[in-house]
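This report concerns only the one structure given below.
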Amino acid sequence: MMASLPRLDRTLVMGIVNVTPDSFSDGGKHADPKSAIQHGLSLLDEGADILDVGGESTRPGAYPISEETELERVLAVVRALAEAGATVSVDTTRAAVAQKCVEVGATLINDISGGKSDPKMLKTVAALQVGFVVQHWRSAPRTMGAHAVYADVVVDVRREMAAQVNQALTAGIAADQLIIDPGLGFSKNSEHNWALLSHLDSFTELGCPLLIGVSRKRFLGELLSDSNGEARTVAQRDAASVALTALLAERGVWGVRTHQVREHRDAIAVVSKMVGSQNQQLR
């Protein structure tokens, strides 16, 4: 049976559950399944609409892990969170991991390669009939910095994403099961990220819900650099992350992917109230 994508009249919050020792933001904090499950349940209590479970770091320069290691990290976590009633997404580039995670309760696959890393991924997702996040992709994390070269980042990323969406449709994934993510920080520098955020309408034209992941990312740290040019640390980027969520919610994006949940839900609630009040006044 096809698992339908969650849709609400507000921006959804996808809470990040990293079961890794080396993710850029919280690597090691929830590296064992028991801790990761508890963290996921806490995010669920704070109002997460989706929990995104990942067992492999995608930070710049990260090296890949084995399929066996990834499954050891995430499978029990996915099962437990799904049994607790969570809508579970799996952050993976491997078709076999996607398959096994769906078998224990996942209903969404969040592939940072958009199906490019594993040639079996698109057909597997089509057969599973679950949601699929198509993220813009040029290179694996270990080498992606060398690929941050564009003639026009908005035009180039949109064109490349349109091709990825077409590949997913051709493989048999239903159009209403696709979500797109322009991949901020992936083969992109700070100015590229800001340009994409300023032109999100170019991506909504592709006809898919839009997921944006900006939480604690490097370009926010660079924006908030001190007088000596030192970027803000990861732990000091949360306020800026919440500010961006508010702006994205005002633009009506489908979802935001965040390390915190309560603060982002609060920002979205404020935006929803303001937008609703303005609409009533204008009638």
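Naming works like this for the structure tokens: A, B, ... for the chains as they're shown, residue 1 at the start of each chain, ligands 1 onward in shown order.
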Give me the residues near Leu220 in chain A as an mmCIF file with N, CA, C and O atoms, in the first residue's frame, where near means some atom within 7 Å (using only C-alpha atoms) and where sequence neighbours in that chain fewer than 4 positions away do not count.
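New file out11.cif:
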```
data_model
loop_
_atom_site.group_PDB
_atom_site.id
_atom_site.type_symbol
_atom_site.label_atom_id
_atom_site.label_comp_id
_atom_site.auth_asym_id
_atom_site.auth_seq_id
_atom_site.Cartn_x
_atom_site.Cartn_y
_atom_site.Cartn_z
ATOM 1 N N ARG A 216 21.886 24.935 11.552
ATOM 2 C CA ARG A 216 23.260 24.987 12.055
ATOM 3 C C ARG A 216 24.328 24.910 10.965
ATOM 4 O O ARG A 216 25.495 24.634 11.262
ATOM 5 N N LEU A 224 27.535 35.118 10.695
ATOM 6 C CA LEU A 224 27.588 35.671 12.049
ATOM 7 C C LEU A 224 29.016 35.771 12.591
ATOM 8 O O LEU A 224 29.208 35.839 13.805
ATOM 9 N N ARG A 237 24.519 28.699 16.399
ATOM 10 C CA ARG A 237 23.811 29.007 15.155
ATOM 11 C C ARG A 237 22.309 28.747 15.230
ATOM 12 O O ARG A 237 21.596 28.897 14.234
ATOM 13 N N ALA A 240 19.802 31.800 14.448
ATOM 14 C CA ALA A 240 19.760 32.096 13.015
ATOM 15 C C ALA A 240 18.985 31.010 12.263
ATOM 16 O O ALA A 240 18.257 31.297 11.304
#
```
Quiz prompt | Asn18 in chain A environment, 12 Å, only C-alpha atoms, sequence neighbours closer than 5 positions dropped, as a ChimeraX atom specification | solution = /A:23-33,35-40,51-59,70,73-74,77-78,89-92,258-259
Quiz prompt | Non-local contacts of range 195-200 of chain A (9 Å; only C-alpha atoms; under 5 positions in same chain excluded) as a PyMOL selection string | solution = chain A and resi 153-154+157+182+184+190+205+210+248+251+253
Serialized selection, C-alpha atoms, as a compact mmCIF listing (two decimals), in the first residue's frame:
```txt
# COMPACT_ATOMS: atom_id res chain seq x y z
CA VAL A 153 23.69 28.71 -9.34
CA VAL A 154 19.91 29.12 -9.44
CA VAL A 157 20.67 23.79 -9.79
CA PRO A 182 18.07 22.10 -3.33
CA LEU A 184 22.09 23.78 0.70
CA SER A 190 27.78 30.50 1.28
CA GLU A 205 7.85 25.63 -10.31
CA LEU A 210 9.99 21.76 -1.04
CA LEU A 248 10.65 29.78 4.99
CA ARG A 251 6.94 31.44 1.99
CA VAL A 253 7.66 25.60 2.09
```
Which neighbours of Thr245 in chain A fall inside 10 Å, counting only C-alpha atoms, when residues of the same chain fewer than 2 positions from it are skipped, and could you give them as an mmCIF file with all heavy atoms, in the first residue's frame?
```
data_model
loop_
_atom_site.group_PDB
_atom_site.id
_atom_site.type_symbol
_atom_site.label_atom_id
_atom_site.label_comp_id
_atom_site.auth_asym_id
_atom_site.auth_seq_id
_atom_site.Cartn_x
_atom_site.Cartn_y
_atom_site.Cartn_z
ATOM 1 N N THR A 11 4.054 24.677 7.610
ATOM 2 C CA THR A 11 5.331 24.023 7.328
ATOM 3 C C THR A 11 5.590 22.915 8.345
ATOM 4 O O THR A 11 5.436 23.114 9.552
ATOM 5 C CB THR A 11 6.464 25.059 7.372
ATOM 6 O OG1 THR A 11 6.276 25.984 6.295
ATOM 7 C CG2 THR A 11 7.829 24.406 7.245
ATOM 8 N N VAL A 13 7.953 20.112 10.412
ATOM 9 C CA VAL A 13 9.295 20.061 10.988
ATOM 10 C C VAL A 13 9.793 18.621 10.971
ATOM 11 O O VAL A 13 9.183 17.732 11.559
ATOM 12 C CB VAL A 13 9.322 20.609 12.428
ATOM 13 C CG1 VAL A 13 10.716 20.434 13.031
ATOM 14 C CG2 VAL A 13 8.928 22.083 12.438
ATOM 15 N N ILE A 212 13.670 22.128 3.000
ATOM 16 C CA ILE A 212 14.877 22.921 3.128
ATOM 17 C C ILE A 212 15.607 22.548 4.413
ATOM 18 O O ILE A 212 15.005 22.519 5.491
ATOM 19 C CB ILE A 212 14.561 24.438 3.151
ATOM 20 C CG1 ILE A 212 13.789 24.852 1.895
ATOM 21 C CG2 ILE A 212 15.842 25.251 3.283
ATOM 22 C CD1 ILE A 212 14.572 24.751 0.616
ATOM 23 N N GLY A 213 16.905 22.283 4.288
ATOM 24 C CA GLY A 213 17.725 21.968 5.454
ATOM 25 C C GLY A 213 18.797 23.019 5.658
ATOM 26 O O GLY A 213 19.769 23.062 4.903
ATOM 27 N N VAL A 214 18.588 23.893 6.636
ATOM 28 C CA VAL A 214 19.584 24.950 6.901
ATOM 29 C C VAL A 214 20.147 24.869 8.311
ATOM 30 O O VAL A 214 21.086 25.587 8.656
ATOM 31 C CB VAL A 214 18.981 26.362 6.693
ATOM 32 C CG1 VAL A 214 18.518 26.544 5.261
ATOM 33 C CG2 VAL A 214 17.825 26.607 7.658
ATOM 34 N N SER A 215 19.591 23.993 9.125
ATOM 35 C CA SER A 215 19.875 23.986 10.556
ATOM 36 C C SER A 215 21.372 23.894 10.870
ATOM 37 O O SER A 215 22.049 22.940 10.476
ATOM 38 C CB SER A 215 19.142 22.809 11.207
ATOM 39 O OG SER A 215 19.351 22.785 12.597
ATOM 40 N N ALA A 239 19.740 30.299 16.811
ATOM 41 C CA ALA A 239 18.827 31.429 16.634
ATOM 42 C C ALA A 239 18.689 31.794 15.156
ATOM 43 O O ALA A 239 17.582 32.064 14.661
ATOM 44 C CB ALA A 239 19.315 32.637 17.443
ATOM 45 N N ALA A 240 19.802 31.800 14.448
ATOM 46 C CA ALA A 240 19.760 32.096 13.015
ATOM 47 C C ALA A 240 18.985 31.010 12.263
ATOM 48 O O ALA A 240 18.257 31.297 11.304
ATOM 49 C CB ALA A 240 21.176 32.219 12.466
ATOM 50 N N SER A 241 19.128 29.763 12.695
ATOM 51 C CA SER A 241 18.392 28.665 12.067
ATOM 52 C C SER A 241 16.887 28.860 12.233
ATOM 53 O O SER A 241 16.110 28.678 11.290
ATOM 54 C CB SER A 241 18.812 27.324 12.678
ATOM 55 O OG SER A 241 20.194 27.086 12.520
ATOM 56 N N VAL A 242 16.463 29.254 13.434
ATOM 57 C CA VAL A 242 15.046 29.487 13.697
ATOM 58 C C VAL A 242 14.532 30.669 12.881
ATOM 59 O O VAL A 242 13.412 30.647 12.354
ATOM 60 C CB VAL A 242 14.805 29.709 15.200
ATOM 61 C CG1 VAL A 242 13.361 30.120 15.471
ATOM 62 C CG2 VAL A 242 15.128 28.435 15.986
ATOM 63 N N ALA A 243 15.348 31.715 12.757
ATOM 64 C CA ALA A 243 14.948 32.873 11.958
ATOM 65 C C ALA A 243 14.683 32.466 10.509
ATOM 66 O O ALA A 243 13.694 32.902 9.896
ATOM 67 C CB ALA A 243 16.029 33.954 12.018
ATOM 68 N N LEU A 247 11.107 32.560 8.095
ATOM 69 C CA LEU A 247 11.018 33.117 6.745
ATOM 70 C C LEU A 247 10.550 32.064 5.737
ATOM 71 O O LEU A 247 9.763 32.352 4.841
ATOM 72 C CB LEU A 247 12.371 33.680 6.329
ATOM 73 C CG LEU A 247 12.832 34.925 7.109
ATOM 74 C CD1 LEU A 247 14.292 35.230 6.793
ATOM 75 C CD2 LEU A 247 11.953 36.116 6.786
ATOM 76 N N LEU A 248 11.038 30.851 5.900
ATOM 77 C CA LEU A 248 10.646 29.777 4.993
ATOM 78 C C LEU A 248 9.177 29.404 5.187
ATOM 79 O O LEU A 248 8.461 29.124 4.218
ATOM 80 C CB LEU A 248 11.539 28.555 5.222
ATOM 81 C CG LEU A 248 13.010 28.744 4.828
ATOM 82 C CD1 LEU A 248 13.867 27.610 5.381
ATOM 83 C CD2 LEU A 248 13.169 28.844 3.318
ATOM 84 N N ALA A 249 8.730 29.413 6.439
ATOM 85 C CA ALA A 249 7.325 29.119 6.716
ATOM 86 C C ALA A 249 6.422 30.180 6.094
ATOM 87 O O ALA A 249 5.346 29.879 5.564
ATOM 88 C CB ALA A 249 7.092 29.041 8.226
ATOM 89 N N GLU A 250 6.864 31.432 6.149
ATOM 90 C CA GLU A 250 6.080 32.508 5.543
ATOM 91 C C GLU A 250 5.957 32.308 4.037
ATOM 92 O O GLU A 250 4.943 32.667 3.426
ATOM 93 C CB GLU A 250 6.728 33.849 5.850
ATOM 94 C CG GLU A 250 5.877 35.045 5.469
ATOM 95 C CD GLU A 250 6.468 36.355 5.939
ATOM 96 O OE1 GLU A 250 7.698 36.416 6.141
ATOM 97 O OE2 GLU A 250 5.698 37.315 6.100
ATOM 98 N N ARG A 251 6.983 31.706 3.434
ATOM 99 C CA ARG A 251 6.941 31.440 1.994
ATOM 100 C C ARG A 251 6.181 30.164 1.663
ATOM 101 O O ARG A 251 5.992 29.835 0.495
ATOM 102 C CB ARG A 251 8.368 31.336 1.443
ATOM 103 C CG ARG A 251 9.153 32.626 1.548
ATOM 104 C CD ARG A 251 10.481 32.503 0.846
ATOM 105 N NE ARG A 251 11.325 33.659 1.055
ATOM 106 C CZ ARG A 251 12.491 33.855 0.463
ATOM 107 N NH1 ARG A 251 12.953 32.938 -0.380
ATOM 108 N NH2 ARG A 251 13.208 34.925 0.701
ATOM 109 N N VAL A 253 6.970 26.839 2.439
ATOM 110 C CA VAL A 253 7.662 25.597 2.092
ATOM 111 C C VAL A 253 7.015 24.418 2.813
ATOM 112 O O VAL A 253 6.471 24.562 3.904
ATOM 113 C CB VAL A 253 9.175 25.660 2.403
ATOM 114 C CG1 VAL A 253 9.830 26.829 1.709
ATOM 115 C CG2 VAL A 253 9.430 25.690 3.899
ATOM 116 N N GLY A 255 8.442 21.722 4.204
ATOM 117 C CA GLY A 255 9.080 21.273 5.431
ATOM 118 C C GLY A 255 10.467 21.842 5.625
ATOM 119 O O GLY A 255 11.131 22.261 4.672
ATOM 120 N N VAL A 256 10.904 21.845 6.882
ATOM 121 C CA VAL A 256 12.272 22.219 7.236
ATOM 122 C C VAL A 256 12.886 21.071 8.023
ATOM 123 O O VAL A 256 12.211 20.412 8.821
ATOM 124 C CB VAL A 256 12.330 23.530 8.062
ATOM 125 C CG1 VAL A 256 11.952 24.723 7.211
ATOM 126 C CG2 VAL A 256 11.446 23.446 9.307
ATOM 127 N N ARG A 257 14.162 20.840 7.796
ATOM 128 C CA ARG A 257 14.894 19.759 8.476
ATOM 129 C C ARG A 257 15.782 20.401 9.534
ATOM 130 O O ARG A 257 16.648 21.217 9.213
ATOM 131 C CB ARG A 257 15.720 18.967 7.456
ATOM 132 C CG ARG A 257 16.443 17.760 8.013
ATOM 133 C CD ARG A 257 17.129 16.994 6.886
ATOM 134 N NE ARG A 257 17.823 15.812 7.392
ATOM 135 C CZ ARG A 257 19.067 15.801 7.859
ATOM 136 N NH1 ARG A 257 19.770 16.942 7.874
ATOM 137 N NH2 ARG A 257 19.618 14.693 8.297
ATOM 138 N N THR A 258 15.572 20.053 10.810
ATOM 139 C CA THR A 258 16.203 20.784 11.899
ATOM 140 C C THR A 258 16.747 19.854 12.979
ATOM 141 O O THR A 258 16.272 18.734 13.161
ATOM 142 C CB THR A 258 15.203 21.743 12.579
ATOM 143 O OG1 THR A 258 14.235 20.977 13.301
ATOM 144 C CG2 THR A 258 14.489 22.607 11.556
ATOM 145 N N GLU A 263 11.639 24.941 19.178
ATOM 146 C CA GLU A 263 11.847 26.330 18.775
ATOM 147 C C GLU A 263 11.357 26.587 17.349
ATOM 148 O O GLU A 263 10.801 27.650 17.048
ATOM 149 C CB GLU A 263 13.328 26.698 18.893
ATOM 150 C CG GLU A 263 13.864 26.697 20.325
ATOM 151 C CD GLU A 263 14.311 25.326 20.808
ATOM 152 O OE1 GLU A 263 13.999 24.306 20.122
ATOM 153 O OE2 GLU A 263 14.971 25.263 21.858
ATOM 154 N N HIS A 264 11.550 25.615 16.485
ATOM 155 C CA HIS A 264 11.121 25.765 15.096
ATOM 156 C C HIS A 264 9.597 25.661 14.977
ATOM 157 O O HIS A 264 8.981 26.399 14.197
ATOM 158 C CB HIS A 264 11.824 24.739 14.218
ATOM 159 C CG HIS A 264 13.296 24.990 14.095
ATOM 160 N ND1 HIS A 264 13.852 25.648 13.019
ATOM 161 C CD2 HIS A 264 14.329 24.694 14.917
ATOM 162 C CE1 HIS A 264 15.164 25.747 13.194
ATOM 163 N NE2 HIS A 264 15.470 25.164 14.344
ATOM 164 N N ARG A 265 8.985 24.766 15.752
ATOM 165 C CA ARG A 265 7.525 24.697 15.780
ATOM 166 C C ARG A 265 6.942 26.009 16.294
ATOM 167 O O ARG A 265 5.912 26.493 15.800
ATOM 168 C CB ARG A 265 7.060 23.535 16.651
ATOM 169 C CG ARG A 265 7.102 22.161 15.993
ATOM 170 C CD ARG A 265 6.104 22.021 14.832
ATOM 171 N NE ARG A 265 4.749 22.361 15.220
ATOM 172 C CZ ARG A 265 3.843 21.478 15.644
ATOM 173 N NH1 ARG A 265 4.170 20.192 15.710
ATOM 174 N NH2 ARG A 265 2.632 21.855 15.959
ATOM 175 N N ALA A 267 8.264 29.029 16.010
ATOM 176 C CA ALA A 267 8.395 30.038 14.960
ATOM 177 C C ALA A 267 7.321 29.848 13.893
ATOM 178 O O ALA A 267 6.728 30.819 13.405
ATOM 179 C CB ALA A 267 9.783 29.958 14.333
ATOM 180 N N ILE A 268 7.060 28.603 13.531
ATOM 181 C CA ILE A 268 6.044 28.315 12.520
ATOM 182 C C ILE A 268 4.660 28.686 13.027
ATOM 183 O O ILE A 268 3.826 29.220 12.273
ATOM 184 C CB ILE A 268 6.117 26.833 12.111
ATOM 185 C CG1 ILE A 268 7.420 26.569 11.350
ATOM 186 C CG2 ILE A 268 4.923 26.429 11.263
ATOM 187 C CD1 ILE A 268 7.769 25.104 11.199
ATOM 188 N N VAL A 271 4.227 32.426 12.653
ATOM 189 C CA VAL A 271 3.999 32.780 11.256
ATOM 190 C C VAL A 271 2.572 32.423 10.835
ATOM 191 O O VAL A 271 1.883 33.219 10.182
ATOM 192 C CB VAL A 271 5.021 32.075 10.341
ATOM 193 C CG1 VAL A 271 4.638 32.236 8.869
ATOM 194 C CG2 VAL A 271 6.411 32.630 10.589
#
```
Exercise. If you run DSSP over the backbone, which residues in range 67-273 of chain A end up strand (DSSP E)? Put them as a PyMOL selection string.
Key: chain A and resi 88-91+108-111+131-135+178-181+211-212+255-258
Exercise. Report the residues of range 107-272 of chain A whose backbone DSSP state falls under alpha helix (DSSP H), written as a ChimeraX atom specification.
Key: /A:121-128,153-170,190-198,201-204,218-223,238-250,262-272
